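Notes follow once the structure below has been shown.
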Amino acid sequence: MQRLITRLIDSKDPQTLQHSLQWLYGFVRPHRLAIAGLLGLSLCASLLVLVQPWLTKLLIDDGLLARNFSQLVLIAGLMIAAGLIGTLLSGVNRYLHTRLSGRILFALRDELYQHLQTLSPSFYGKRRIGDLMSRLDGDVAEIQRFAVDSLFSAVSSVIGLVCAVAMLLTLSWKLSLLALVLIPLDVLWLRWMRRKVEREVRQLRERSADVSSFLVETLPVMKFIQSAGQQQREARRLEGLGQGYMSQLLRLQVTEFFTQAVPGTLTSLSRACAFLIGGYWVVQGTWQLGALIAFSTYLGMAVGPVQSLLGLYVALQRMTVSLGRVMELRGEQPGVSSPAQPGPMPTAGELCFENVHFSHPDRPAILRGVEARMPYGRKIALSGASGVGKSTLIDLLQRFYDPQEGRILLDGCDLRELDLYELRRRIAVVSQDIVLFRGSLADNLAYSVPFASRDAIAEVARLARLDSLIESMPEGLDTPLGERGQQLSGGQRQRIAIARALLQDPLILVLDEATSAVDEATEREVISAIDQLFAGRTRILISHRPSTLADADLRFELVDGLLSAPQERVHES
């Protein structure tokens with residue numbers, strides 16, 4: 001199947017196409033036994049359909065015209081039995097086919113989603129989320145439909161075509177030549193239209209991604225759009241995008257219509273000619289009426305598979321576009337990965353930055369040789385102007401990126417030598433951009449530790465001063481928060497994030513402007529609770545508010561890509 005598809009597609013890079021098809025059919029091969037069973041059912045159903053016209057011929061010639069009533073009853077009974085069995089087989093086949101298609105679809109989507117999970121934040125900074133959704137949804141579904149449906153459609157069509165042509169040749173080889181003449185003409189026409197179909201499909205996918213991106217961009221910030229009074233402006237933008245999509249869809253419809261209309265017209269002409277010639281033979285008495293009716297029916301059965309194969313050729317071009325868009329995502333390489341043999345995860349230890357350099361692609365260097373030693377168990381204050389690289393330093397600590405030069409050590413171990421999952425689990429970061437999911441308050445608190453006990457969840461909620469929020473909710477911890485917790489205040493959202501980090505029980509806790517939305521009195525209570533709970537562990541506080549950084553053991557300031565020498569707190573005697 002893969003080799004056949006490769007030959008049908010006039011690809012500029014056959015090796016890449018072959019690799020893509022190998023990846024795709026890697027999801028199909030594990031289900032080969034189920035596929036073989038479905039093909040067997042399809043074959044039986046096709047044979048039952050093919051026997052009906054022959055039974056009709058016998059009904060007319062050997063029953064009606066021969067005036068043989070017993071033969072008429074027997075053939076009618078056979079037709080009823082064949083119809084009932086065919087209907088049953090069709091229902092079972094449809095059910096099993098739907099189940100198989102669903103399994104392959106979700107396997108494809110899961111694999112692509114898991115790959116996206118490995119990519120760095122810089123990838124998502126360059127991509128439109130709506131475009132990613134379009135590829136995960138529309139493009140994956142398109143290639144799944146082709147990978148599964150094309151197999152059954154092609155096999156069924158080929159079986160139907162071969163059997164129908166065999167019956168046509170049995171009835172009249174002369175009239176059968178009319179159908180065979182059409183095949184070269186159809187192939188030439190389709191090859192000429194292939195490029196146009198592929199170009200129109202690609203543009204349609206891009207217009208669909210434009211609409212998805214618009215909705216993803218605007219729906220979460222509808223409150224801001226309303227406050228700015230720009231509802232009409234955004235409505236006009238959506239209308240324009242919708243018109244662009246519809247125009248492209250109509251262009252594709254016209255292209256696909258002409259792609260299949262010309263072969264269909266030629267087929268209709270050949271069928272009309274067959275009727276004229278065969279009808280003349282019946283009138284002359286050199287052919288039976290039942291044979292003409294059966295020939296006409298089999299010719300229609302031959303036309304159906306031919307048109308199905310023609311449609312399959314068009315679908316092949318659509319799938320090629322979608323497969324290319326999906327493989328483009330799979331071609332994105334993770335910026336960081338776990339080592340093949342990770343070292344043991346430290347349970348404590350000093351955090352060291354040694355000559356750390358880092359810059360984002362096509363941008364000036366943001367870190368220029370950072371040097372710092374942060375003893376374990378200390379409270380570290382990190383200050384600096386906006387945009388100097390404080391959050392980038394934390395991203396390096398969690399290995400969303402790796403330094404271009406230098407290294408970061410934890411208890412003497414280079415972070416690149418540690419298991420990536422374990423490293424991130426042991427470093428909790430609470431930022432001012434709080435992420436909440438649809439689900440209960442308890443589910444959100446336990447997101448990083450899904451198997452945490454109810455008592456542990458309640459305890460961290462108390463430490464983060466969430467008591468009043470829980471008491472105000474109708475179902476307490478089990479109250480649903482809704483989409484992104486938008487009904488909560490900024491301070492409530494930040495306290496939830498702090499409680500979630502506390503439950504994670506990390507080696508290092510980073511508060512990146514985490515208390516900016518609460519008042520100073522609440523901030524003192526929260527930080528005091530953190531100091532008590534994390535006494536003896538490293539805490540890194542990033543803030544522009546002096547009260548947040550009060551009582552830090554060490555103070556660092558990031559200026560011009562460098563960390564200043566640490567200032568130690570002077571302990572009063």
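Identifiers in this document derive from the order of the structure tokens: chains are assigned A, B, ..., residues are numbered from 1 separately in each chain, and ligands are numbered from 1 in order of occurrence.
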
- Task: Skip Ile498 (chain A) itself and residues of its chain fewer than 3 positions away, then list as a count of residues only all residues within 8 Å of it, counting only C-alpha atoms.
- Result: 7

List as JSON lines every residue of region 439-548 of chain A that is in contact with region 401-421 of chain A, defined as an atom at most 12 Å from one of its atoms (using only C-alpha atoms), together with the nearest atom pair and the distance in Å rounded to one decimal, sorted by chain and then rising number.
```
{"residue": "A:Ser448", "atom": "CA", "partner": "A:Tyr421", "partner_atom": "CA", "distance": 11.8}
{"residue": "A:Leu507", "atom": "CA", "partner": "A:Leu410", "partner_atom": "CA", "distance": 10.4}
{"residue": "A:Ile508", "atom": "CA", "partner": "A:Leu410", "partner_atom": "CA", "distance": 10.4}
{"residue": "A:Thr538", "atom": "CA", "partner": "A:Leu410", "partner_atom": "CA", "distance": 11.4}
```

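Closest to Pro53 (chain A) among A:Val254, A:Met246, A:Leu292, A:Leu72 is A:Leu292, based on only C-alpha atoms.
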
- Item | Who sits within 10 Å of Ser90 (chain A), only C-alpha atoms, same chain under 2 positions skipped, as a list of chain:residue names | A:Leu41, A:Ser42, A:Cys44, A:Ala45, A:Ser46, A:Leu84, A:Ile85, A:Gly86, A:Thr87, A:Leu88, A:Val92, A:Asn93, A:Arg94, A:Tyr95

Take the residues from that selection and write them out as an mmCIF file, in the first residue's frame, keeping C-alpha atoms.
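The result, written out as out-v8.cif:
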```
data_model
loop_
_atom_site.group_PDB
_atom_site.id
_atom_site.type_symbol
_atom_site.label_atom_id
_atom_site.label_comp_id
_atom_site.auth_asym_id
_atom_site.auth_seq_id
_atom_site.Cartn_x
_atom_site.Cartn_y
_atom_site.Cartn_z
ATOM 1 C CA LEU A 41 -16.406 -9.298 5.831
ATOM 2 C CA SER A 42 -16.160 -6.718 3.033
ATOM 3 C CA CYS A 44 -18.425 -11.479 1.600
ATOM 4 C CA ALA A 45 -20.668 -8.419 1.480
ATOM 5 C CA SER A 46 -19.363 -7.515 -1.998
ATOM 6 C CA LEU A 84 -30.775 -10.133 4.640
ATOM 7 C CA ILE A 85 -27.310 -11.632 5.048
ATOM 8 C CA GLY A 86 -25.762 -8.683 3.207
ATOM 9 C CA THR A 87 -27.542 -6.208 5.493
ATOM 10 C CA LEU A 88 -26.320 -8.050 8.599
ATOM 11 C CA VAL A 92 -21.304 -5.657 11.689
ATOM 12 C CA ASN A 93 -18.693 -4.339 9.276
ATOM 13 C CA ARG A 94 -19.673 -0.715 9.954
ATOM 14 C CA TYR A 95 -19.476 -1.188 13.732
#
```

Could you give me, as a PDB file with C-alpha atoms, in the first residue's frame, the residues within 12 Å of Ser247 (chain A), counting only C-alpha atoms and dropping anything in the same chain fewer than 3 positions from it?
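What follows is the written file selection_26.pdb:
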```pdb
ATOM      1  CA  GLU A 200      -6.302  24.355  -3.185  1.00  0.00           C
ATOM      2  CA  GLN A 203      -4.719  26.943   1.104  1.00  0.00           C
ATOM      3  CA  LEU A 204      -7.975  25.714   2.657  1.00  0.00           C
ATOM      4  CA  ARG A 207      -7.635  29.520   6.078  1.00  0.00           C
ATOM      5  CA  SER A 208      -9.060  27.050   8.619  1.00  0.00           C
ATOM      6  CA  GLY A 240     -13.476  38.527   7.002  1.00  0.00           C
ATOM      7  CA  LEU A 241     -11.703  35.323   8.010  1.00  0.00           C
ATOM      8  CA  GLY A 242     -14.918  33.352   7.522  1.00  0.00           C
ATOM      9  CA  GLN A 243     -15.406  34.818   4.041  1.00  0.00           C
ATOM     10  CA  GLY A 244     -11.819  33.939   3.145  1.00  0.00           C
ATOM     11  CA  LEU A 250     -15.861  26.989  -2.847  1.00  0.00           C
ATOM     12  CA  ARG A 251     -12.763  27.112  -5.069  1.00  0.00           C
ATOM     13  CA  LEU A 252     -11.810  23.654  -3.836  1.00  0.00           C
ATOM     14  CA  GLN A 253     -15.352  22.400  -4.420  1.00  0.00           C
ATOM     15  CA  VAL A 254     -15.254  23.620  -8.025  1.00  0.00           C
TER      16      VAL A 254
END
```

- Query: Given the choices A:Asp210, A:Val282, A:Gln52, A:Leu393, which gets closest to Val356 (chain A) if the distance is worked out from only C-alpha atoms?
  - Reply: A:Leu393

- Query: Would you give me, as a VMD selection string, the residues in region 342-485 of chain A that DSSP reads as alpha helix (DSSP H)?
  - Reply: chain A and resid 390 to 397 420 to 425 441 to 445 454 to 463 467 to 472

- Hey, which of A:Ala209, A:Ile35, A:Ile394, A:Ala294 ends up closest to His97 (chain A)? Count only C-alpha atoms. A:Ile35

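Residues in contact with region 107-124 of chain A at up to 6 Å, not including ones fewer than 3 positions away on its chain and judged by only C-alpha atoms, are Ile104, Arg127, Pro334, Gly335 and Phe400 of chain A.
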
- Long-range neighbours of Gly377 (chain A) as a PyMOL selection string, 9 Å cut-off, only C-alpha atoms, 4 positions minimum in chain: chain A and resi 348-350+507-508+534-539

Mind dumping the selected residues with C-alpha atoms as a short mmCIF file (atom, residue, chain, number, x, y, z; two decimals), in the first residue's frame?
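The file below, selection_32.cif, is the result:
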```
data_model
loop_
_atom_site.label_atom_id
_atom_site.label_comp_id
_atom_site.auth_asym_id
_atom_site.auth_seq_id
_atom_site.Cartn_x
_atom_site.Cartn_y
_atom_site.Cartn_z
CA ALA A 348 19.81 18.42 48.78
CA GLY A 349 22.80 20.49 47.77
CA GLU A 350 24.20 23.82 46.70
CA LEU A 507 13.77 20.79 46.83
CA ILE A 508 13.70 24.34 45.46
CA PHE A 534 10.35 25.03 53.76
CA ALA A 535 12.79 25.72 56.57
CA GLY A 536 16.00 24.02 55.55
CA ARG A 537 15.17 24.12 51.79
CA THR A 538 16.12 26.59 49.10
CA ARG A 539 13.65 29.38 48.38
#
```

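Counting only C-alpha atoms and comparing A:Leu312, A:Val283, A:Leu351, A:Ala274, the residue that lies closest to Gln260 (chain A) is A:Leu312.
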